[in-house]
file protein_10.cif (mmCIF, C-alpha atoms)
data_upload
#
loop_
_atom_site.label_atom_id
_atom_site.label_comp_id
_atom_site.auth_asym_id
_atom_site.auth_seq_id
_atom_site.Cartn_x
_atom_site.Cartn_y
_atom_site.Cartn_z
CA MET K 242 8.60 3.91 -16.35
CA GLN K 243 11.73 6.03 -16.14
CA ALA K 244 12.43 7.14 -12.58
CA GLN K 245 12.88 10.85 -11.99
CA LYS K 246 16.00 12.27 -10.42
CA ILE K 247 15.56 13.13 -6.77
CA ILE K 248 17.90 16.12 -6.42
CA PRO K 249 21.60 16.67 -7.15
CA LEU K 250 23.53 14.84 -4.45
CA TYR K 251 27.06 14.97 -3.08
CA THR K 252 28.69 12.26 -5.18
CA THR K 253 27.77 10.24 -8.24
CA HIS K 254 27.97 7.07 -6.14
CA THR K 255 25.54 8.42 -3.55
CA GLU K 256 23.22 9.75 -6.23
CA ASN K 257 23.14 6.33 -7.88
CA LEU K 258 22.36 4.61 -4.57
CA MET K 259 19.45 6.93 -3.87
CA GLN K 260 18.10 6.41 -7.36
CA LYS K 261 18.45 2.63 -7.12
CA PHE K 262 16.50 2.70 -3.85
CA ILE K 263 13.63 4.60 -5.50
CA ASN K 264 13.74 2.27 -8.52
CA ASN K 265 13.60 -0.75 -6.19
CA LEU K 266 10.46 0.63 -4.52
CA ARG K 267 8.85 1.13 -7.90
CA GLU K 268 9.66 -2.34 -9.13
CA THR K 269 9.02 -4.47 -6.06
CA GLU K 270 6.22 -2.78 -4.11
CA ASP K 271 2.59 -2.05 -4.81
CA LEU K 272 2.92 1.72 -4.35
CA GLN K 273 1.03 4.52 -6.03
CA GLU K 274 3.03 7.22 -7.78
CA LYS K 275 1.91 9.64 -5.07
CA THR K 276 3.62 7.45 -2.46
CA ILE K 277 6.81 7.24 -4.53
CA LYS K 278 6.89 11.03 -4.72
CA GLU K 279 6.49 11.19 -0.93
CA TYR K 280 9.58 9.00 -0.56
CA GLN K 281 11.46 11.33 -2.90
CA SER K 282 10.24 14.38 -1.00
CA ASP K 283 11.27 12.84 2.34
CA LEU K 284 14.78 12.13 1.04
CA LYS K 285 15.05 15.65 -0.36
CA HIS K 286 14.04 17.13 3.01
CA TYR K 287 16.62 15.01 4.84
CA ILE K 288 19.41 15.91 2.41
CA THR K 289 18.57 19.62 2.68
CA TRP K 290 18.80 19.39 6.47
CA LEU K 291 22.15 17.59 6.21
CA LYS K 292 23.54 20.37 4.03
CA GLU K 293 22.32 23.03 6.43
CA THR K 294 24.03 21.28 9.35
CA GLY K 295 27.33 20.88 7.49
CA ARG K 296 27.33 17.13 7.02
CA GLN K 297 29.00 15.87 3.88
CA ASP K 298 27.22 12.76 2.61
CA PRO K 299 23.65 11.49 3.25
CA ILE K 300 24.73 7.85 3.12
CA GLN K 301 28.21 7.60 4.57
CA ASP K 302 27.91 10.43 7.11
CA THR K 303 24.68 9.25 8.72
CA ALA K 304 24.96 7.70 12.18
CA ALA K 305 22.34 6.81 14.78
CA THR K 306 22.93 10.18 16.46
CA THR K 307 22.33 11.92 13.13
CA ILE K 308 18.89 10.35 12.84
CA THR K 309 18.06 11.32 16.42
CA ALA K 310 19.13 14.92 15.78
CA TYR K 311 17.01 15.01 12.64
CA ARG K 312 13.98 13.71 14.54
CA ASP K 313 14.44 16.37 17.23
CA TYR K 314 14.76 19.05 14.56
CA MET K 315 11.45 18.05 12.96
CA GLN K 316 9.66 17.72 16.28
CA LYS K 317 10.99 20.68 18.27
CA GLU K 318 12.11 23.26 15.71
CA LYS K 319 9.80 22.67 12.76
CA LYS K 320 6.95 21.50 15.04
CA LEU K 321 5.74 18.99 12.48
CA LYS K 322 2.91 16.62 13.22
CA PRO K 323 4.04 13.23 14.57
CA ALA K 324 2.61 11.53 11.46
CA THR K 325 4.83 13.62 9.16
CA THR K 326 7.92 13.13 11.32
CA ASN K 327 7.32 9.39 11.54
CA ARG K 328 6.76 9.07 7.81
CA ARG K 329 10.14 10.68 7.13
CA LEU K 330 11.83 8.49 9.72
CA ILE K 331 10.28 5.39 8.16
CA THR K 332 11.62 6.50 4.77
CA LEU K 333 15.12 6.63 6.25
CA LYS K 334 14.64 3.27 7.96
CA ARG K 335 13.63 1.77 4.62
CA LEU K 336 16.54 3.43 2.81
CA PHE K 337 19.21 2.20 5.21
CA GLU K 338 17.59 -1.22 5.53
CA TRP K 339 18.05 -1.47 1.75
CA THR K 340 21.64 -0.12 1.72
CA GLN K 341 22.63 -2.61 4.44
CA LYS K 342 20.95 -5.50 2.61
CA GLU K 343 22.71 -4.56 -0.63
CA GLY K 344 26.07 -4.27 1.14
CA HIS K 345 26.49 -0.51 0.67
CA THR K 346 26.55 0.24 4.41
CA PRO K 347 27.70 -2.02 7.28
CA GLN K 348 24.61 -1.31 9.37
CA ASN K 349 21.28 0.51 9.45
CA PRO K 350 21.82 3.71 11.49
CA ALA K 351 18.08 4.43 11.52
CA LYS K 352 17.04 1.04 12.88
CA ALA K 353 17.01 2.03 16.57
CA ALA K 354 15.38 5.43 16.02
CA ARG K 355 12.09 5.57 17.87
CA LEU K 356 8.99 6.90 16.18
CA LEU K 357 6.95 9.57 17.92
CA PRO K 358 3.78 8.39 19.67
CA GLU K 359 0.65 9.48 17.85
CA GLU K 360 -3.06 8.99 18.18
CA ARG K 361 -3.96 6.97 15.10
CA THR K 362 -7.34 7.09 13.43
CA SER K 363 -8.47 4.79 10.67
CA PRO K 364 -9.07 5.80 7.05
CA ARG K 365 -12.62 6.48 5.90
CA GLN K 366 -14.59 3.34 5.24
CA MET K 367 -16.25 2.54 1.94
CA THR K 368 -20.00 2.27 2.58
CA ASP K 369 -22.32 -0.48 1.41
CA LYS K 370 -23.93 2.01 -0.97
CA GLU K 371 -20.57 3.00 -2.44
CA GLU K 372 -19.54 -0.62 -2.95
CA ALA K 373 -22.85 -1.38 -4.65
CA GLY K 374 -22.45 1.70 -6.83
CA LEU K 375 -18.95 0.66 -7.86
CA ILE K 376 -20.11 -2.84 -8.77
CA ALA K 377 -23.01 -1.38 -10.76
CA ALA K 378 -20.70 1.03 -12.61
CA ALA K 379 -18.35 -1.80 -13.60
CA GLY K 380 -21.32 -3.94 -14.63
CA GLN K 381 -22.67 -1.24 -16.94
CA GLU K 382 -19.74 -1.70 -19.31
CA LYS K 383 -20.26 -5.47 -19.37
CA ASN K 384 -16.53 -5.97 -18.86
CA LEU K 385 -16.37 -9.24 -16.95
CA ARG K 386 -12.68 -8.84 -16.20
CA ASP K 387 -13.17 -5.46 -14.47
CA LEU K 388 -16.15 -6.72 -12.49
CA THR K 389 -14.27 -9.83 -11.39
CA ILE K 390 -11.22 -7.86 -10.25
CA ILE K 391 -13.31 -5.45 -8.17
CA THR K 392 -15.29 -8.31 -6.62
CA LEU K 393 -12.14 -10.30 -5.88
CA MET K 394 -10.35 -7.37 -4.23
CA SER K 395 -13.27 -6.41 -2.01
CA HIS K 396 -13.83 -10.04 -0.90
CA THR K 397 -10.19 -11.04 -0.34
CA GLY K 398 -8.32 -7.83 0.54
CA LEU K 399 -5.71 -8.49 -2.16
CA ARG K 400 -3.32 -5.72 -3.16
CA THR K 401 -3.31 -4.54 -6.78
CA MET K 402 0.21 -5.95 -7.11
CA GLU K 403 -1.04 -9.37 -6.01
CA VAL K 404 -3.95 -9.25 -8.45
CA SER K 405 -1.63 -8.18 -11.25
CA ASN K 406 0.82 -11.04 -10.62
CA ALA K 407 -1.81 -13.76 -10.09
CA GLN K 408 -1.79 -16.68 -12.50
CA LYS K 409 -4.58 -19.10 -13.32
CA GLU K 410 -2.74 -21.95 -11.65
CA ASP K 411 -2.88 -19.98 -8.38
CA ILE K 412 -6.67 -20.40 -8.25
CA TYR K 413 -8.39 -23.42 -6.73
CA ILE K 414 -12.19 -23.62 -6.74
CA GLY K 415 -13.90 -26.60 -5.13
CA PRO K 416 -17.57 -27.43 -4.48
CA LYS K 417 -17.71 -25.54 -1.19
CA SER K 418 -14.32 -23.89 -0.83
CA GLY K 419 -11.59 -22.19 -2.77
CA LYS K 420 -8.35 -20.32 -2.41
CA ILE K 421 -5.89 -18.10 -4.23
CA THR K 422 -2.18 -18.59 -3.62
CA ILE K 423 -0.15 -15.40 -3.37
CA ARG K 424 3.36 -16.45 -4.33
CA ALA K 425 5.04 -13.04 -4.07
CA GLY K 426 3.10 -10.54 -1.96
CA LYS K 427 4.53 -7.48 -0.29
CA ARG K 428 8.16 -8.12 0.63
CA GLN K 429 7.90 -11.37 -1.35
CA LYS K 430 5.66 -12.92 1.30
CA TRP K 431 3.82 -16.16 0.36
CA ARG K 432 0.32 -16.84 1.65
CA GLU K 433 -2.97 -18.53 0.79
CA VAL K 434 -6.22 -16.57 0.89
CA PRO K 435 -9.55 -18.41 1.03
CA LEU K 436 -12.26 -17.50 -1.48
CA ASN K 437 -15.84 -17.06 -0.25
CA SER K 438 -18.84 -18.03 -2.37
CA THR K 439 -19.13 -14.57 -3.94
CA ALA K 440 -15.50 -14.60 -5.07
CA ARG K 441 -15.76 -18.20 -6.28
CA THR K 442 -18.87 -17.45 -8.34
CA ALA K 443 -17.29 -14.38 -9.93
CA LEU K 444 -14.05 -16.19 -10.74
CA SER K 445 -15.80 -19.26 -12.13
CA ALA K 446 -17.85 -17.14 -14.53
CA TYR K 447 -14.78 -15.19 -15.57
CA LEU K 448 -12.54 -18.24 -16.09
CA ASN K 449 -15.10 -19.88 -18.36
CA SER K 450 -14.65 -17.06 -20.87
CA SER K 451 -11.19 -15.68 -20.06
CA PRO K 452 -8.53 -15.32 -22.80
CA GLU K 453 -5.74 -17.85 -23.15
CA SER K 454 -2.92 -16.72 -20.87
CA ASN K 455 -0.99 -17.93 -17.87
CA TYR K 456 -1.96 -14.73 -16.09
CA LEU K 457 -5.31 -14.63 -14.34
CA PHE K 458 -5.99 -11.13 -15.63
CA PRO K 459 -3.98 -10.51 -18.81
CA SER K 460 -3.83 -7.10 -20.44
CA GLN K 461 -6.36 -6.80 -23.25
CA LYS K 462 -3.76 -4.90 -25.29
CA THR K 463 -0.54 -6.86 -24.76
CA GLY K 464 -1.64 -10.24 -23.43
CA SER K 465 0.93 -9.88 -20.64
CA ARG K 466 -0.05 -9.24 -17.04
CA TYR K 467 -2.52 -6.46 -16.32
CA SER K 468 -0.24 -3.89 -14.65
CA GLU K 469 -0.88 -2.47 -11.18
CA ARG K 470 -1.10 0.98 -12.73
CA GLY K 471 -3.68 -0.26 -15.23
CA ILE K 472 -5.76 -1.90 -12.50
CA ARG K 473 -5.73 1.26 -10.39
CA PHE K 474 -6.72 3.39 -13.38
CA MET K 475 -9.58 1.02 -14.20
CA ILE K 476 -10.96 1.10 -10.65
CA GLN K 477 -10.66 4.88 -10.44
CA LYS K 478 -12.56 5.18 -13.70
CA HIS K 479 -15.46 3.13 -12.33
CA MET K 480 -15.34 5.07 -9.04
CA LYS K 481 -15.71 8.29 -10.99
CA THR K 482 -18.67 6.86 -12.90
CA ALA K 483 -20.28 5.84 -9.60
CA GLY K 484 -19.72 9.32 -8.14
CA ILE K 485 -17.46 8.00 -5.38
CA GLU K 486 -15.14 10.67 -3.95
CA GLY K 487 -12.35 10.54 -1.39
CA LEU K 488 -11.49 6.89 -1.95
CA SER K 489 -8.79 5.08 -3.91
CA PRO K 490 -8.43 1.55 -5.35
CA HIS K 491 -6.56 0.56 -2.17
CA ASP K 492 -9.79 1.21 -0.24
CA LEU K 493 -11.18 -2.03 -1.67
CA ARG K 494 -8.56 -3.74 0.49
CA HIS K 495 -9.59 -1.55 3.43
CA ARG K 496 -13.21 -2.47 2.76
CA PHE K 497 -12.35 -6.13 3.26
CA GLY K 498 -10.33 -5.33 6.38
CA TYR K 499 -13.12 -3.34 8.03
CA THR K 500 -15.74 -5.97 7.22
CA MET K 501 -13.66 -8.91 8.44
CA ALA K 502 -12.55 -7.10 11.62
CA LYS K 503 -16.16 -7.32 12.83
CA LYS K 504 -16.23 -11.07 12.35
CA VAL K 505 -12.79 -12.61 13.03
CA PRO K 506 -10.02 -12.19 15.64
CA LEU K 507 -7.30 -9.70 14.81
CA HIS K 508 -4.54 -12.30 14.40
CA ARG K 509 -6.59 -14.15 11.77
CA LEU K 510 -7.26 -10.95 9.86
CA ALA K 511 -3.53 -10.19 9.89
CA GLN K 512 -2.89 -13.62 8.35
CA LEU K 513 -5.53 -13.09 5.67
CA MET K 514 -4.15 -9.69 4.70
CA GLY K 515 -0.50 -10.63 4.86
CA HIS K 516 0.43 -8.18 7.61
CA ASP K 517 3.73 -8.68 9.42
CA SER K 518 2.52 -6.85 12.52
CA LEU K 519 -0.79 -6.67 14.37
CA ASP K 520 -0.16 -2.94 14.74
CA THR K 521 -0.92 -2.60 11.03
CA THR K 522 -4.10 -4.63 11.33
CA LYS K 523 -5.34 -2.55 14.28
CA ILE K 524 -6.40 0.29 12.00
CA TYR K 525 -9.50 -1.74 11.19
CA VAL K 526 -10.72 -1.74 14.78
CA GLN K 527 -9.85 1.87 15.58
CA ALA K 528 -12.33 4.69 15.17
CA THR K 529 -12.16 6.97 12.16
CA LEU K 530 -12.01 10.73 12.63
CA GLU K 531 -15.60 10.86 11.37
CA ASP K 532 -16.64 8.35 14.06
CA LEU K 533 -14.98 10.45 16.76
CA GLN K 534 -16.69 13.60 15.47
CA LYS K 535 -20.08 11.89 15.76
CA ASP K 536 -19.22 10.78 19.30
CA VAL K 537 -18.36 14.26 20.54
CA GLU K 538 -21.47 15.71 18.89
CA LYS K 539 -23.52 13.54 21.24
CA ILE K 540 -22.66 15.92 24.10
CA ASN K 541 -23.36 19.12 22.15
CA TRP K 542 -25.16 21.50 24.56
CA GLU K 543 -26.54 23.90 21.98
#
call {"tool": "encode", "arguments": {"input": "protein_10.cif", "output": "structure tokens"}}
result
Amino acid sequence: MQAQKIIPLYTTHTENLMQKFINNLRETEDLQEKTIKEYQSDLKHYITWLKETGRQDPIQDTAATTITAYRDYMQKEKKLKPATTNRRLITLKRLFEWTQKEGHTPQNPAKAARLLPEERTSPRQMTDKEEAGLIAAAGQEKNLRDLTIITLMSHTGLRTMEVSNAQKEDIYIGPKSGKITIRAGKRQKWREVPLNSTARTALSAYLNSSPESNYLFPSQKTGSRYSERGIRFMIQKHMKTAGIEGLSPHDLRHRFGYTMAKKVPLHRLAQLMGHDSLDTTKIYVQATLEDLQKDVEKINWE
């Protein structure tokens, strides 16, 4: 997919670097197009601020003090929510982490910038009824591939990128155990994820009738890997059929996280999901906004 231009920048060199960064995100990370556009929007906002403050180049003229000034501007002048400010700071951290890695800048000026403290709440959880409805919707079409993908994601927490890249040789199914090897997860991280009996049963049935291909889930049109975009579209289609609103394909991964958080220690869940930090895994043990609303309603005096 051809990447869109962000905005006209100061120099052709800088413009090319920004575009290469966006292209790298598209090619190497399991990100929805909405997320890519947020990265582009964050960069546009930063560049606009730089122009307004008289700085010349968003890459070469950014220092640690520049990032701090930008954070203060968002927090104190624009009065943005901490989540929005932090998201934009993280975009800059990712950008300059990439430029340093690629040798375009000697250091990452955003590395030391502190994020604003915020009270985090967890995303809405997929209910048992919604999961059953999604499985039923996929089953109606008698497409074993779709049903297997949905079952696998909700019972392993795999990302769509990891499902897309999986090959048949990555699957091991034994009499009472099984595993899938993720050879290139997020940030190229390798890990092994155990398969429970539900996942093993679904995969065994699928493999007995799957098309000849090295990929676990080949595209029915091209025979190559089933793309992340195609997988997301397929899941969204079945969600729509099931009447599920307010959830995305990534919520199958969240479904696994919420379920496992009730049964295993946090550090084990982090290992299963391929998280680098326990802070990321903590969202599965924190209350959702809906949970908090129910709690405060308990002291309603009306």
call {"tool": "closest_residue", "arguments": {"input": "protein_10.cif", "among": "K:Ala305, K:Asp283, K:Thr294, K:Thr463", "to": "K:Ile331", "atoms": "all atoms listed in the file"}}
result
K:Asp283
call {"tool": "residues_around", "arguments": {"input": "protein_10.cif", "residues": "K:Leu385", "least_positions_apart": "3", "cutoff": "10 Å", "atoms": "only C-alpha atoms", "output": "NGL selection string"}}
result
:K and (379-380 or 382 or 388-390 or 443-444 or 446-448 or 450-451)
call {"tool": "resolve_selection", "arguments": {"input": "protein_10.cif", "expression": "the PyMOL selection byres ((chain K and resi 510) around 10)", "output": "PyMOL selection string"}}
result
chain K and resi 398+497-499+501-502+504-509+511-516+519+522-523+525
call {"tool": "closest_residue", "arguments": {"input": "protein_10.cif", "among": "K:Ile524, K:Leu393, K:Met480, K:Ile277", "to": "K:Lys420", "atoms": "only C-alpha atoms"}}
result
K:Leu393
call {"tool": "closest_residue", "arguments": {"input": "protein_10.cif", "among": "K:Asp536, K:Lys409, K:Arg473, K:Pro416", "to": "K:Glu453", "atoms": "all atoms listed in the file"}}
result
K:Lys409
call {"tool": "closest_atom_pairs", "arguments": {"input": "protein_10.cif", "of": "stretch 291-369 of chain K", "to": "stretch 259-266 of chain K", "cutoff": "12 Å", "atoms": "all atoms listed in the file", "output": "JSON lines"}}
result
{"residue": "K:Asp298", "atom": "CA", "partner": "K:Met259", "partner_atom": "CA", "distance": 11.7}
{"residue": "K:Pro299", "atom": "CA", "partner": "K:Met259", "partner_atom": "CA", "distance": 9.4}
{"residue": "K:Ile300", "atom": "CA", "partner": "K:Met259", "partner_atom": "CA", "distance": 8.8}
{"residue": "K:Thr332", "atom": "CA", "partner": "K:Phe262", "partner_atom": "CA", "distance": 10.6}
{"residue": "K:Leu333", "atom": "CA", "partner": "K:Phe262", "partner_atom": "CA", "distance": 10.9}
{"residue": "K:Lys334", "atom": "CA", "partner": "K:Phe262", "partner_atom": "CA", "distance": 12.0}
{"residue": "K:Arg335", "atom": "CA", "partner": "K:Phe262", "partner_atom": "CA", "distance": 9.0}
{"residue": "K:Leu336", "atom": "CA", "partner": "K:Phe262", "partner_atom": "CA", "distance": 6.7}
{"residue": "K:Phe337", "atom": "CA", "partner": "K:Phe262", "partner_atom": "CA", "distance": 9.5}
{"residue": "K:Glu338", "atom": "CA", "partner": "K:Phe262", "partner_atom": "CA", "distance": 10.2}
{"residue": "K:Trp339", "atom": "CA", "partner": "K:Phe262", "partner_atom": "CA", "distance": 7.2}
{"residue": "K:Thr340", "atom": "CA", "partner": "K:Phe262", "partner_atom": "CA", "distance": 8.1}
{"residue": "K:Gln341", "atom": "CA", "partner": "K:Phe262", "partner_atom": "CA", "distance": 11.6}
{"residue": "K:Lys342", "atom": "CA", "partner": "K:Phe262", "partner_atom": "CA", "distance": 11.3}
{"residue": "K:Glu343", "atom": "CA", "partner": "K:Phe262", "partner_atom": "CA", "distance": 10.1}
{"residue": "K:His345", "atom": "CA", "partner": "K:Met259", "partner_atom": "CA", "distance": 11.2}
call {"tool": "residues_around", "arguments": {"input": "protein_10.cif", "residues": "stretch 487-490 of chain K", "least_positions_apart": "4", "cutoff": "8 Å", "atoms": "all atoms listed in the file", "output": "number ranges by chain"}}
result
K: 365, 367, 473, 476-477, 494
call {"tool": "closest_residue", "arguments": {"input": "protein_10.cif", "among": "K:Ile472, K:Ala310, K:Ile421, K:Ile540", "to": "K:Ala351", "atoms": "only C-alpha atoms"}}
result
K:Ala310
call {"tool": "closest_residue", "arguments": {"input": "protein_10.cif", "among": "K:Ile288, K:Ile308, K:Ala407, K:Ala425", "to": "K:Glu256", "atoms": "only C-alpha atoms"}}
result
K:Ile288
call {"tool": "atom_distance", "arguments": {"input": "protein_10.cif", "atom1": "atom CA of K:Leu357", "atom2": "atom CA of K:Asp520"}}
result
14.7 Å
call {"tool": "closest_residue", "arguments": {"input": "protein_10.cif", "among": "K:Arg312, K:Pro364, K:Glu410, K:Pro435", "to": "K:Val526", "atoms": "all atoms listed in the file"}}
result
K:Pro364
call {"tool": "residues_around", "arguments": {"input": "protein_10.cif", "residues": "K:Ile376", "least_positions_apart": "4", "cutoff": "9 Å", "atoms": "all atoms listed in the file", "output": "compact mmCIF listing (two decimals) with C-alpha atoms, in the frame of the given file"}}
result
# COMPACT_ATOMS: atom_id res chain seq x y z
CA GLU K 371 -20.57 3.00 -2.44
CA GLU K 372 -19.54 -0.62 -2.95
CA GLY K 380 -21.32 -3.94 -14.63
CA GLN K 381 -22.67 -1.24 -16.94
CA LEU K 388 -16.15 -6.72 -12.49
CA ILE K 391 -13.31 -5.45 -8.17
CA THR K 392 -15.29 -8.31 -6.62
CA HIS K 479 -15.46 3.13 -12.33
CA ALA K 483 -20.28 5.84 -9.60
call {"tool": "atom_distance", "arguments": {"input": "protein_10.cif", "atom1": "atom CA of K:Leu375", "atom2": "atom CA of K:Gly484"}}
result
8.7 Å
call {"tool": "resolve_selection", "arguments": {"input": "protein_10.cif", "expression": "the PyMOL selection byres ((chain K and resi 315) around 12)", "output": "list of chain:residue names"}}
result
K:Asp283, K:His286, K:Tyr287, K:Trp290, K:Ile308, K:Thr309, K:Ala310, K:Tyr311, K:Arg312, K:Asp313, K:Tyr314, K:Gln316, K:Lys317, K:Glu318, K:Lys319, K:Lys320, K:Leu321, K:Lys322, K:Pro323, K:Ala324, K:Thr325, K:Thr326, K:Asn327, K:Arg328, K:Arg329, K:Leu330, K:Leu356, K:Leu357
